[in-house]
file upload_10.pdb (PDB, C-alpha atoms and all ligand atoms)
ATOM      1  CA  MET A   1      -7.729  10.041  10.862  1.00  0.00           C
ATOM      2  CA  ASP A   2      -8.326  13.436   9.211  1.00  0.00           C
ATOM      3  CA  ASP A   3     -11.614  13.442   7.203  1.00  0.00           C
ATOM      4  CA  ARG A   4     -10.126  15.007   4.096  1.00  0.00           C
ATOM      5  CA  LEU A   5      -7.294  12.461   3.949  1.00  0.00           C
ATOM      6  CA  LEU A   6      -9.755   9.660   4.505  1.00  0.00           C
ATOM      7  CA  GLU A   7     -11.695  10.892   1.477  1.00  0.00           C
ATOM      8  CA  VAL A   8      -8.566  10.867  -0.689  1.00  0.00           C
ATOM      9  CA  ALA A   9      -7.626   7.367   0.510  1.00  0.00           C
ATOM     10  CA  ARG A  10     -11.114   6.037  -0.220  1.00  0.00           C
ATOM     11  CA  ALA A  11     -11.139   7.572  -3.706  1.00  0.00           C
ATOM     12  CA  ALA A  12      -7.681   6.252  -4.714  1.00  0.00           C
ATOM     13  CA  LYS A  13      -7.324   3.156  -6.881  1.00  0.00           C
ATOM     14  CA  GLY A  14      -5.974   0.205  -4.972  1.00  0.00           C
ATOM     15  CA  PHE A  15      -6.414  -2.752  -2.711  1.00  0.00           C
ATOM     16  CA  MET A  16      -6.988  -1.498   0.820  1.00  0.00           C
ATOM     17  CA  PRO A  17     -10.429  -1.827   2.427  1.00  0.00           C
ATOM     18  CA  ASP A  18     -11.238   1.099   4.692  1.00  0.00           C
ATOM     19  CA  ASP A  19     -11.329  -0.826   7.995  1.00  0.00           C
ATOM     20  CA  GLU A  20      -7.917  -2.343   7.248  1.00  0.00           C
ATOM     21  CA  GLY A  21      -6.570   1.056   6.178  1.00  0.00           C
ATOM     22  CA  LEU A  22      -7.698   2.587   9.465  1.00  0.00           C
ATOM     23  CA  ALA A  23      -6.140  -0.268  11.460  1.00  0.00           C
ATOM     24  CA  LEU A  24      -2.927   0.229   9.483  1.00  0.00           C
ATOM     25  CA  HIS A  25      -3.042   3.943  10.252  1.00  0.00           C
ATOM     26  CA  ASP A  26      -3.492   3.385  13.995  1.00  0.00           C
ATOM     27  CA  ALA A  27      -0.664   0.839  14.227  1.00  0.00           C
ATOM     28  CA  ALA A  28       1.660   3.086  12.212  1.00  0.00           C
ATOM     29  CA  ARG A  29       0.872   6.203  14.225  1.00  0.00           C
ATOM     30  CA  LEU A  30       2.089   4.529  17.425  1.00  0.00           C
ATOM     31  CA  ALA A  31       5.125   2.807  15.882  1.00  0.00           C
ATOM     32  CA  GLY A  32       6.093   5.992  14.027  1.00  0.00           C
ATOM     33  CA  ARG A  33       7.213   7.482  17.334  1.00  0.00           C
ATOM     34  CA  LEU A  34      10.159   5.053  17.262  1.00  0.00           C
ATOM     35  CA  GLY A  35      11.327   5.624  13.711  1.00  0.00           C
ATOM     36  CA  PRO A  36      10.299   6.054  10.067  1.00  0.00           C
ATOM     37  CA  LEU A  37       7.683   3.959   8.284  1.00  0.00           C
ATOM     38  CA  LEU A  38       8.348   1.887   5.161  1.00  0.00           C
ATOM     39  CA  GLU A  39       5.878   0.231   2.822  1.00  0.00           C
ATOM     40  CA  VAL A  40       6.672  -2.366   0.170  1.00  0.00           C
ATOM     41  CA  GLY A  41       3.998  -2.117  -2.568  1.00  0.00           C
ATOM     42  CA  THR A  42       2.887   1.446  -3.326  1.00  0.00           C
ATOM     43  CA  TYR A  43       0.670   0.811  -6.399  1.00  0.00           C
ATOM     44  CA  CYS A  44      -1.420   4.019  -6.724  1.00  0.00           C
ATOM     45  CA  GLY A  45      -0.768   5.260  -3.196  1.00  0.00           C
ATOM     46  CA  LYS A  46      -3.977   4.213  -1.462  1.00  0.00           C
ATOM     47  CA  SER A  47      -2.370   2.622   1.620  1.00  0.00           C
ATOM     48  CA  ALA A  48       0.315   5.334   1.477  1.00  0.00           C
ATOM     49  CA  VAL A  49      -2.368   7.899   2.365  1.00  0.00           C
ATOM     50  CA  TYR A  50      -3.406   5.969   5.496  1.00  0.00           C
ATOM     51  CA  LEU A  51       0.271   5.542   6.390  1.00  0.00           C
ATOM     52  CA  GLY A  52       1.312   9.048   5.370  1.00  0.00           C
ATOM     53  CA  ALA A  53      -1.377  10.514   7.617  1.00  0.00           C
ATOM     54  CA  ALA A  54       0.065   8.419  10.461  1.00  0.00           C
ATOM     55  CA  ALA A  55       3.614   9.550   9.659  1.00  0.00           C
ATOM     56  CA  ARG A  56       2.531  13.185   9.809  1.00  0.00           C
ATOM     57  CA  GLN A  57       0.883  12.680  13.194  1.00  0.00           C
ATOM     58  CA  ALA A  58       3.929  10.835  14.541  1.00  0.00           C
ATOM     59  CA  GLY A  59       6.359  13.459  13.218  1.00  0.00           C
ATOM     60  CA  THR A  60       8.133  11.068  10.858  1.00  0.00           C
ATOM     61  CA  VAL A  61       8.094  10.060   7.163  1.00  0.00           C
ATOM     62  CA  LEU A  62       6.880   7.158   5.051  1.00  0.00           C
ATOM     63  CA  PHE A  63       9.143   5.562   2.443  1.00  0.00           C
ATOM     64  CA  THR A  64       7.113   3.597  -0.084  1.00  0.00           C
ATOM     65  CA  VAL A  65       8.878   1.144  -2.403  1.00  0.00           C
ATOM     66  CA  ASP A  66       7.592  -0.035  -5.810  1.00  0.00           C
ATOM     67  CA  HIS A  67       8.946  -0.491  -9.340  1.00  0.00           C
ATOM     68  CA  HIS A  68       5.473   0.602 -10.475  1.00  0.00           C
ATOM     69  CA  ARG A  69       5.337  -2.110 -13.155  1.00  0.00           C
ATOM     70  CA  GLY A  70       2.770  -4.174 -11.260  1.00  0.00           C
ATOM     71  CA  SER A  71       2.854  -7.613  -9.702  1.00  0.00           C
ATOM     72  CA  GLU A  72       2.152 -10.770 -11.650  1.00  0.00           C
ATOM     73  CA  GLU A  73      -1.471 -10.629 -10.431  1.00  0.00           C
ATOM     74  CA  ASN A  74      -1.869  -7.051 -11.802  1.00  0.00           C
ATOM     75  CA  GLN A  75      -0.856  -7.870 -15.395  1.00  0.00           C
ATOM     76  CA  ALA A  76      -3.293  -8.111 -18.327  1.00  0.00           C
ATOM     77  CA  GLY A  77      -5.408 -11.248 -18.118  1.00  0.00           C
ATOM     78  CA  TRP A  78      -4.997 -11.605 -14.339  1.00  0.00           C
ATOM     79  CA  GLU A  79      -7.572 -11.002 -11.628  1.00  0.00           C
ATOM     80  CA  HIS A  80      -6.345  -7.601 -10.391  1.00  0.00           C
ATOM     81  CA  HIS A  81      -5.670  -5.929 -13.752  1.00  0.00           C
ATOM     82  CA  ASP A  82      -6.788  -2.350 -14.444  1.00  0.00           C
ATOM     83  CA  ARG A  83      -6.354  -1.155 -18.038  1.00  0.00           C
ATOM     84  CA  GLU A  84      -6.218   2.468 -16.959  1.00  0.00           C
ATOM     85  CA  VAL A  85      -2.769   1.961 -15.421  1.00  0.00           C
ATOM     86  CA  VAL A  86      -1.200   0.724 -18.664  1.00  0.00           C
ATOM     87  CA  ASP A  87       1.078   3.289 -20.342  1.00  0.00           C
ATOM     88  CA  PRO A  88      -0.184   3.422 -23.975  1.00  0.00           C
ATOM     89  CA  GLU A  89       3.289   4.296 -25.254  1.00  0.00           C
ATOM     90  CA  THR A  90       5.023   1.196 -23.897  1.00  0.00           C
ATOM     91  CA  GLY A  91       2.088  -1.147 -23.259  1.00  0.00           C
ATOM     92  CA  ARG A  92       3.504  -1.721 -19.769  1.00  0.00           C
ATOM     93  CA  MET A  93       1.946  -0.893 -16.446  1.00  0.00           C
ATOM     94  CA  ASP A  94       3.001   2.371 -14.874  1.00  0.00           C
ATOM     95  CA  THR A  95       1.325   3.308 -11.602  1.00  0.00           C
ATOM     96  CA  LEU A  96       3.838   6.060 -10.726  1.00  0.00           C
ATOM     97  CA  PRO A  97       1.753   8.969 -12.159  1.00  0.00           C
ATOM     98  CA  PHE A  98      -1.301   7.722 -10.227  1.00  0.00           C
ATOM     99  CA  PHE A  99       0.741   7.540  -7.023  1.00  0.00           C
ATOM    100  CA  ARG A 100       1.976  11.114  -7.509  1.00  0.00           C
ATOM    101  CA  ARG A 101      -1.547  12.371  -8.107  1.00  0.00           C
ATOM    102  CA  THR A 102      -2.857  10.613  -4.986  1.00  0.00           C
ATOM    103  CA  ILE A 103      -0.127  12.025  -2.737  1.00  0.00           C
ATOM    104  CA  ARG A 104      -0.489  15.493  -4.193  1.00  0.00           C
ATOM    105  CA  SER A 105      -4.238  15.555  -3.600  1.00  0.00           C
ATOM    106  CA  ALA A 106      -3.657  14.316  -0.048  1.00  0.00           C
ATOM    107  CA  GLU A 107      -1.103  17.129   0.396  1.00  0.00           C
ATOM    108  CA  LEU A 108       1.347  14.602   1.770  1.00  0.00           C
ATOM    109  CA  GLU A 109       4.267  15.330  -0.566  1.00  0.00           C
ATOM    110  CA  ASP A 110       6.445  16.470   2.338  1.00  0.00           C
ATOM    111  CA  VAL A 111       5.851  13.230   4.275  1.00  0.00           C
ATOM    112  CA  VAL A 112       5.523  10.439   1.695  1.00  0.00           C
ATOM    113  CA  ILE A 113       8.722   9.551  -0.163  1.00  0.00           C
ATOM    114  CA  GLY A 114       8.395   7.334  -3.215  1.00  0.00           C
ATOM    115  CA  VAL A 115      11.321   4.947  -3.733  1.00  0.00           C
ATOM    116  CA  VAL A 116      11.131   3.597  -7.289  1.00  0.00           C
ATOM    117  CA  GLY A 117      12.762   0.258  -7.964  1.00  0.00           C
ATOM    118  CA  PHE A 118      12.913  -3.428  -7.106  1.00  0.00           C
ATOM    119  CA  SER A 119      12.440  -4.228  -3.453  1.00  0.00           C
ATOM    120  CA  THR A 120      15.406  -6.577  -2.836  1.00  0.00           C
ATOM    121  CA  PRO A 121      18.272  -4.362  -4.067  1.00  0.00           C
ATOM    122  CA  ILE A 122      16.801  -1.399  -2.191  1.00  0.00           C
ATOM    123  CA  ALA A 123      16.542  -3.453   1.016  1.00  0.00           C
ATOM    124  CA  ARG A 124      20.134  -4.648   0.609  1.00  0.00           C
ATOM    125  CA  ALA A 125      21.403  -1.074   0.491  1.00  0.00           C
ATOM    126  CA  TRP A 126      19.053   0.149   3.228  1.00  0.00           C
ATOM    127  CA  ARG A 127      20.629   1.293   6.537  1.00  0.00           C
ATOM    128  CA  THR A 128      17.943   3.187   8.469  1.00  0.00           C
ATOM    129  CA  PRO A 129      16.177   1.266  11.267  1.00  0.00           C
ATOM    130  CA  LEU A 130      12.404   1.276  10.829  1.00  0.00           C
ATOM    131  CA  GLY A 131       9.717   1.894  13.416  1.00  0.00           C
ATOM    132  CA  PHE A 132       7.148   0.312  11.131  1.00  0.00           C
ATOM    133  CA  LEU A 133       7.321  -2.019   8.121  1.00  0.00           C
ATOM    134  CA  PHE A 134       4.327  -2.845   5.917  1.00  0.00           C
ATOM    135  CA  ILE A 135       4.712  -5.749   3.471  1.00  0.00           C
ATOM    136  CA  ASP A 136       2.191  -5.538   0.600  1.00  0.00           C
ATOM    137  CA  GLY A 137       4.287  -6.142  -2.531  1.00  0.00           C
ATOM    138  CA  GLY A 138       4.115  -9.072  -4.944  1.00  0.00           C
ATOM    139  CA  HIS A 139       2.214 -12.086  -3.687  1.00  0.00           C
ATOM    140  CA  ALA A 140       4.089 -14.779  -5.613  1.00  0.00           C
ATOM    141  CA  GLU A 141       5.763 -17.132  -3.126  1.00  0.00           C
ATOM    142  CA  ASP A 142       9.389 -16.150  -3.863  1.00  0.00           C
ATOM    143  CA  VAL A 143       8.621 -12.408  -4.069  1.00  0.00           C
ATOM    144  CA  ALA A 144       6.728 -12.275  -0.757  1.00  0.00           C
ATOM    145  CA  ARG A 145       9.410 -14.372   0.938  1.00  0.00           C
ATOM    146  CA  ALA A 146      12.204 -12.136  -0.373  1.00  0.00           C
ATOM    147  CA  ASP A 147      10.426  -9.011   0.899  1.00  0.00           C
ATOM    148  CA  TYR A 148      10.258 -10.518   4.375  1.00  0.00           C
ATOM    149  CA  THR A 149      13.822 -11.851   4.336  1.00  0.00           C
ATOM    150  CA  HIS A 150      15.379  -8.603   3.201  1.00  0.00           C
ATOM    151  CA  TRP A 151      13.230  -6.035   5.006  1.00  0.00           C
ATOM    152  CA  ALA A 152      12.322  -7.629   8.376  1.00  0.00           C
ATOM    153  CA  PRO A 153      15.874  -7.263   9.792  1.00  0.00           C
ATOM    154  CA  HIS A 154      15.454  -3.484   9.440  1.00  0.00           C
ATOM    155  CA  VAL A 155      12.589  -3.371  11.973  1.00  0.00           C
ATOM    156  CA  MET A 156      13.805  -1.818  15.232  1.00  0.00           C
ATOM    157  CA  ALA A 157      13.445  -3.566  18.568  1.00  0.00           C
ATOM    158  CA  GLY A 158       9.940  -2.631  19.707  1.00  0.00           C
ATOM    159  CA  GLY A 159       8.995  -1.778  16.130  1.00  0.00           C
ATOM    160  CA  THR A 160       5.987  -3.080  14.221  1.00  0.00           C
ATOM    161  CA  LEU A 161       5.610  -5.374  11.219  1.00  0.00           C
ATOM    162  CA  ALA A 162       2.337  -5.447   9.275  1.00  0.00           C
ATOM    163  CA  ILE A 163       1.525  -7.952   6.533  1.00  0.00           C
ATOM    164  CA  HIS A 164      -1.372  -7.616   4.110  1.00  0.00           C
ATOM    165  CA  ASP A 165      -3.506 -10.253   2.367  1.00  0.00           C
ATOM    166  CA  VAL A 166      -2.966 -12.966   4.960  1.00  0.00           C
ATOM    167  CA  PHE A 167      -5.513 -15.727   4.358  1.00  0.00           C
ATOM    168  CA  GLU A 168      -5.336 -18.906   6.409  1.00  0.00           C
ATOM    169  CA  ASP A 169      -7.967 -20.531   4.239  1.00  0.00           C
ATOM    170  CA  PRO A 170      -6.578 -21.280   0.741  1.00  0.00           C
ATOM    171  CA  SER A 171     -10.050 -20.776  -0.768  1.00  0.00           C
ATOM    172  CA  ALA A 172     -10.005 -17.156   0.485  1.00  0.00           C
ATOM    173  CA  GLY A 173      -6.723 -16.179  -1.194  1.00  0.00           C
ATOM    174  CA  GLY A 174      -3.111 -16.984  -2.050  1.00  0.00           C
ATOM    175  CA  GLN A 175      -0.997 -18.496   0.718  1.00  0.00           C
ATOM    176  CA  ALA A 176       2.331 -16.658   0.336  1.00  0.00           C
ATOM    177  CA  PRO A 177       1.534 -13.793   2.764  1.00  0.00           C
ATOM    178  CA  PHE A 178       0.206 -16.331   5.302  1.00  0.00           C
ATOM    179  CA  ARG A 179       3.470 -18.256   5.063  1.00  0.00           C
ATOM    180  CA  VAL A 180       5.376 -15.010   5.599  1.00  0.00           C
ATOM    181  CA  TRP A 181       3.266 -14.357   8.707  1.00  0.00           C
ATOM    182  CA  GLN A 182       4.009 -17.885   9.993  1.00  0.00           C
ATOM    183  CA  ARG A 183       7.688 -17.352   9.450  1.00  0.00           C
ATOM    184  CA  ALA A 184       7.602 -13.983  11.245  1.00  0.00           C
ATOM    185  CA  VAL A 185       5.935 -15.644  14.252  1.00  0.00           C
ATOM    186  CA  ALA A 186       8.559 -18.425  14.190  1.00  0.00           C
ATOM    187  CA  ASP A 187      11.248 -15.709  14.160  1.00  0.00           C
ATOM    188  CA  GLY A 188       9.842 -14.179  17.341  1.00  0.00           C
ATOM    189  CA  PHE A 189       7.517 -11.429  16.087  1.00  0.00           C
ATOM    190  CA  GLN A 190       4.521 -11.286  18.457  1.00  0.00           C
ATOM    191  CA  PRO A 191       1.079 -11.168  16.822  1.00  0.00           C
ATOM    192  CA  VAL A 192      -0.762  -8.151  18.233  1.00  0.00           C
ATOM    193  CA  ALA A 193      -3.817  -7.581  16.000  1.00  0.00           C
ATOM    194  CA  THR A 194      -5.814  -8.829  13.016  1.00  0.00           C
ATOM    195  CA  THR A 195      -8.221  -6.728  10.925  1.00  0.00           C
ATOM    196  CA  GLY A 196      -9.571  -8.545   7.877  1.00  0.00           C
ATOM    197  CA  SER A 197      -6.498  -9.780   6.017  1.00  0.00           C
ATOM    198  CA  LEU A 198      -4.175  -7.365   7.831  1.00  0.00           C
ATOM    199  CA  ARG A 199      -1.902  -8.866  10.496  1.00  0.00           C
ATOM    200  CA  VAL A 200       0.088  -6.670  12.852  1.00  0.00           C
ATOM    201  CA  LEU A 201       3.068  -8.024  14.806  1.00  0.00           C
ATOM    202  CA  ARG A 202       5.648  -6.519  17.136  1.00  0.00           C
ATOM    203  CA  ASN A 203       9.369  -7.113  17.217  1.00  0.00           C
ATOM    204  CA  GLU A 204       9.949  -7.959  20.844  1.00  0.00           C
ATOM    205  CA  THR A 205      13.423  -9.392  20.386  1.00  0.00           C
ATOM    206  CA  SER A 206      16.134  -7.081  21.663  1.00  0.00           C
ATOM    207  CA  ASN A 207      18.519  -7.836  18.818  1.00  0.00           C
ATOM    208  CA  PRO A 208      16.758  -7.880  15.448  1.00  0.00           C
ATOM    209  CA  SER A 209      20.026  -8.364  13.577  1.00  0.00           C
ATOM    210  CA  SER A 210      20.377 -11.830  15.153  1.00  0.00           C
ATOM    211  CA  ARG A 211      17.587 -13.043  12.880  1.00  0.00           C
TER     212      ARG A 211
HETATM  213  N1  LIG B   1      -0.483  -1.101  -1.071  1.00  0.00           N
HETATM  214  C1  LIG B   1      -1.217  -0.949  -2.319  1.00  0.00           C
HETATM  215  C2  LIG B   1      -1.292  -2.220  -3.130  1.00  0.00           C
HETATM  216  C3  LIG B   1       0.032  -2.788  -3.564  1.00  0.00           C
HETATM  217  S1  LIG B   1      -0.125  -3.912  -4.927  1.00  0.00           S
HETATM  218  C4  LIG B   1      -2.616  -0.371  -2.084  1.00  0.00           C
HETATM  219  O1  LIG B   1      -2.890   0.120  -1.014  1.00  0.00           O
HETATM  220  O2  LIG B   1      -3.448  -0.375  -2.965  1.00  0.00           O
HETATM  221  C5  LIG B   1       1.498  -4.592  -5.019  1.00  0.00           C
HETATM  222  C6  LIG B   1       2.533  -3.677  -5.631  1.00  0.00           C
HETATM  223  O3  LIG B   1       3.796  -4.318  -5.439  1.00  0.00           O
HETATM  224  C7  LIG B   1       2.416  -3.429  -7.139  1.00  0.00           C
HETATM  225  O4  LIG B   1       2.252  -2.062  -7.390  1.00  0.00           O
HETATM  226  C8  LIG B   1       3.735  -3.962  -7.720  1.00  0.00           C
HETATM  227  O5  LIG B   1       4.299  -3.138  -8.746  1.00  0.00           O
HETATM  228  C9  LIG B   1       4.651  -3.990  -6.511  1.00  0.00           C
HETATM  229  N2  LIG B   1       5.725  -4.985  -6.594  1.00  0.00           N
HETATM  230  C10 LIG B   1       5.599  -6.309  -6.819  1.00  0.00           C
HETATM  231  N3  LIG B   1       6.799  -6.930  -6.790  1.00  0.00           N
HETATM  232  C11 LIG B   1       7.719  -5.940  -6.536  1.00  0.00           C
HETATM  233  C12 LIG B   1       9.152  -5.942  -6.377  1.00  0.00           C
HETATM  234  N4  LIG B   1       9.857  -7.067  -6.463  1.00  0.00           N
HETATM  235  N5  LIG B   1       9.761  -4.764  -6.139  1.00  0.00           N
HETATM  236  C13 LIG B   1       9.041  -3.608  -6.048  1.00  0.00           C
HETATM  237  N6  LIG B   1       7.695  -3.554  -6.169  1.00  0.00           N
HETATM  238  C14 LIG B   1       7.044  -4.710  -6.408  1.00  0.00           C
HETATM  239 MG    MG B   2      -2.609  -5.962  -0.378  1.00  0.00          MG
END

call {"tool": "encode", "arguments": {"input": "upload_10.pdb", "output": "C-alpha cells"}}
result
Amino acid sequence: MDDRLLEVARAAKGFMPDDEGLALHDAARLAGRLGPLLEVGTYCGKSAVYLGAAARQAGTVLFTVDHHRGSEENQAGWEHHDREVVDPETGRMDTLPFFRRTIRSAELEDVVIGVVGFSTPIARAWRTPLGFLFIDGGHAEDVARADYTHWAPHVMAGGTLAIHDVFEDPSAGGQAPFRVWQRAVADGFQPVATTGSLRVLRNETSNPSSR
C-alpha cells in the first residue's frame, strides 16, 4: 500500500489496527477486480483509507455506509467514546466531518463514496452486486445480524466477505460478530484468512440469491 496513504490511515481516528488494515487492503484489492467494494461502519474513515487505496488499485470504488451517529458502544459513558466527535450544537455524535477530512487528506474523494444513513434501509434498496463486503457496523447482536442478513446477499459469486471484531473467546470481546461469522460459514462462505480479529471469507456458491 502507498506510503502516504498508509500515513493518513494510521493518523485517522478509529478502530483498525495496522496489520488488520493491511490484510483488509490486500483482500479488497483482489476482490475489487470483480466489482465495487462496500463497507458498513465508516466512523472517521480509517478503514475506508485502506479500502479506498485498494479500490483505486483495482479500478473500482468504495461505498461506505454510516449514519455517523455512532454505535451504542461509542456513546458517552461507553468504552469506545471519544468526546471530540460530539457536535457541541446538538450534543450528539457526528463523525461525518472527520470522515470527510480523512478522505480529503488521503486524496481519495474520487474513489470513496460516503453513503449516509441507516444500514438496513440502504441495503434493502441496494441493487449493485459487490465484489467485496466489509461488515464493521454496530456490534449489538440485532444490529450485527441485520447487517449480515441484508448485505450478504449482495456479494457476487466469487466475491469476498470480511467481518471485523470477531472474537471466539468471550473474554476478548463481544460475541455478535463471531456469531455472524458462524452464520456466514453455515451459509456456505468459505473461510480464507484470519488477521487479528479480521476474518475473510469467500462466496463460493454459484447462486448467492438462494441464501
Ligand atoms: N470501520 C471503522 C469503525 C466503525 S465503528 C474504523 O475503521 O475505524 C462502527 C460504526 O458503525 C459507527 O460509526 C456507527 O455510527 C456505525 N453504525 C452502527 N449502527 C449502524 C446502523 N444501523 N446503520 C449505519 N451505521 C451504523
Ligand atoms: Mg471494528

call {"tool": "resolve_selection", "arguments": {"input": "upload_10.pdb", "expression": "the PyMOL selection byres (((not hetatm)) within 6 of (chain B and resi 2))", "output": "list in words"}}
result
Phe15, Asp136, His164 and Asp165 of chain A

call {"tool": "write_last_selection", "arguments": {"input": "upload_10.pdb", "atoms": "C-alpha atoms", "output": "mmCIF file, keeping the file's coordinate frame"}}
result
data_model
loop_
_atom_site.group_PDB
_atom_site.id
_atom_site.type_symbol
_atom_site.label_atom_id
_atom_site.label_comp_id
_atom_site.auth_asym_id
_atom_site.auth_seq_id
_atom_site.Cartn_x
_atom_site.Cartn_y
_atom_site.Cartn_z
ATOM 1 C CA PHE A 15 -6.414 -2.752 -2.711
ATOM 2 C CA ASP A 136 2.191 -5.538 0.600
ATOM 3 C CA HIS A 164 -1.372 -7.616 4.110
ATOM 4 C CA ASP A 165 -3.506 -10.253 2.367
#

call {"tool": "atom_distance", "arguments": {"input": "upload_10.pdb", "atom1": "atom CA of A:Ala54", "atom2": "atom CA of A:His150"}}
result
24.0 Å

call {"tool": "residues_around", "arguments": {"input": "upload_10.pdb", "residues": "A:Ser119", "least_positions_apart": "3", "cutoff": "8 Å", "atoms": "only C-alpha atoms", "output": "PyMOL selection string"}}
result
chain A and resi 40+65-67+122-123+147

call {"tool": "closest_residue", "arguments": {"input": "upload_10.pdb", "among": "A:Val166, A:Ala140, A:Leu34, A:Leu62", "to": "ligand LIG 1 (chain B)", "atoms": "all atoms listed in the file"}}
result
A:Ala140

call {"tool": "axis_aligned_box", "arguments": {"input": "upload_10.pdb", "around": "ligand LIG 1 (chain B)", "padding_each_side": "5 Å", "output": "lines of an AutoDock Vina configuration file"}}
result
center_x = 3.2
center_y = -3.5
center_z = -4.9
size_x = 23.3
size_y = 17.2
size_z = 17.7

call {"tool": "decode", "arguments": {"input": "upload_10.pdb", "residues": "stretch 46-57 of chain A", "atoms": "N, CA, C and O atoms", "output": "mmCIF file, in the first residue's frame"}}
result
data_model
loop_
_atom_site.group_PDB
_atom_site.id
_atom_site.type_symbol
_atom_site.label_atom_id
_atom_site.label_comp_id
_atom_site.auth_asym_id
_atom_site.auth_seq_id
_atom_site.Cartn_x
_atom_site.Cartn_y
_atom_site.Cartn_z
ATOM 1 N N LYS A 46 -11.078 5.627 8.841
ATOM 2 C CA LYS A 46 -9.780 4.946 8.934
ATOM 3 C C LYS A 46 -9.723 3.711 8.024
ATOM 4 O O LYS A 46 -8.876 3.637 7.134
ATOM 5 N N SER A 47 -10.641 2.770 8.199
ATOM 6 C CA SER A 47 -10.626 1.579 7.333
ATOM 7 C C SER A 47 -10.940 1.959 5.891
ATOM 8 O O SER A 47 -10.490 1.282 4.957
ATOM 9 N N ALA A 48 -11.675 3.049 5.694
ATOM 10 C CA ALA A 48 -12.004 3.487 4.324
ATOM 11 C C ALA A 48 -10.755 3.910 3.555
ATOM 12 O O ALA A 48 -10.744 3.847 2.321
ATOM 13 N N VAL A 49 -9.694 4.314 4.262
ATOM 14 C CA VAL A 49 -8.449 4.640 3.553
ATOM 15 C C VAL A 49 -7.762 3.361 3.064
ATOM 16 O O VAL A 49 -7.346 3.280 1.910
ATOM 17 N N TYR A 50 -7.701 2.340 3.931
ATOM 18 C CA TYR A 50 -7.125 1.056 3.490
ATOM 19 C C TYR A 50 -7.935 0.500 2.308
ATOM 20 O O TYR A 50 -7.377 0.006 1.325
ATOM 21 N N LEU A 51 -9.255 0.591 2.414
ATOM 22 C CA LEU A 51 -10.119 0.044 1.363
ATOM 23 C C LEU A 51 -10.130 0.931 0.120
ATOM 24 O O LEU A 51 -10.171 0.421 -1.003
ATOM 25 N N GLY A 52 -10.109 2.231 0.332
ATOM 26 C CA GLY A 52 -10.111 3.164 -0.799
ATOM 27 C C GLY A 52 -8.839 3.013 -1.630
ATOM 28 O O GLY A 52 -8.871 3.069 -2.865
ATOM 29 N N ALA A 53 -7.723 2.809 -0.950
ATOM 30 C CA ALA A 53 -6.459 2.576 -1.660
ATOM 31 C C ALA A 53 -6.583 1.317 -2.521
ATOM 32 O O ALA A 53 -6.123 1.286 -3.670
ATOM 33 N N ALA A 54 -7.227 0.292 -1.976
ATOM 34 C CA ALA A 54 -7.431 -0.959 -2.719
ATOM 35 C C ALA A 54 -8.355 -0.726 -3.910
ATOM 36 O O ALA A 54 -8.116 -1.234 -5.013
ATOM 37 N N ALA A 55 -9.410 0.039 -3.702
ATOM 38 C CA ALA A 55 -10.361 0.334 -4.784
ATOM 39 C C ALA A 55 -9.642 1.043 -5.931
ATOM 40 O O ALA A 55 -9.841 0.708 -7.103
ATOM 41 N N ARG A 56 -8.793 2.005 -5.568
ATOM 42 C CA ARG A 56 -8.059 2.728 -6.622
ATOM 43 C C ARG A 56 -7.192 1.760 -7.414
ATOM 44 O O ARG A 56 -7.179 1.789 -8.648
ATOM 45 N N GLN A 57 -6.499 0.882 -6.729
ATOM 46 C CA GLN A 57 -5.605 -0.058 -7.426
ATOM 47 C C GLN A 57 -6.390 -1.032 -8.296
ATOM 48 O O GLN A 57 -5.909 -1.462 -9.336
#
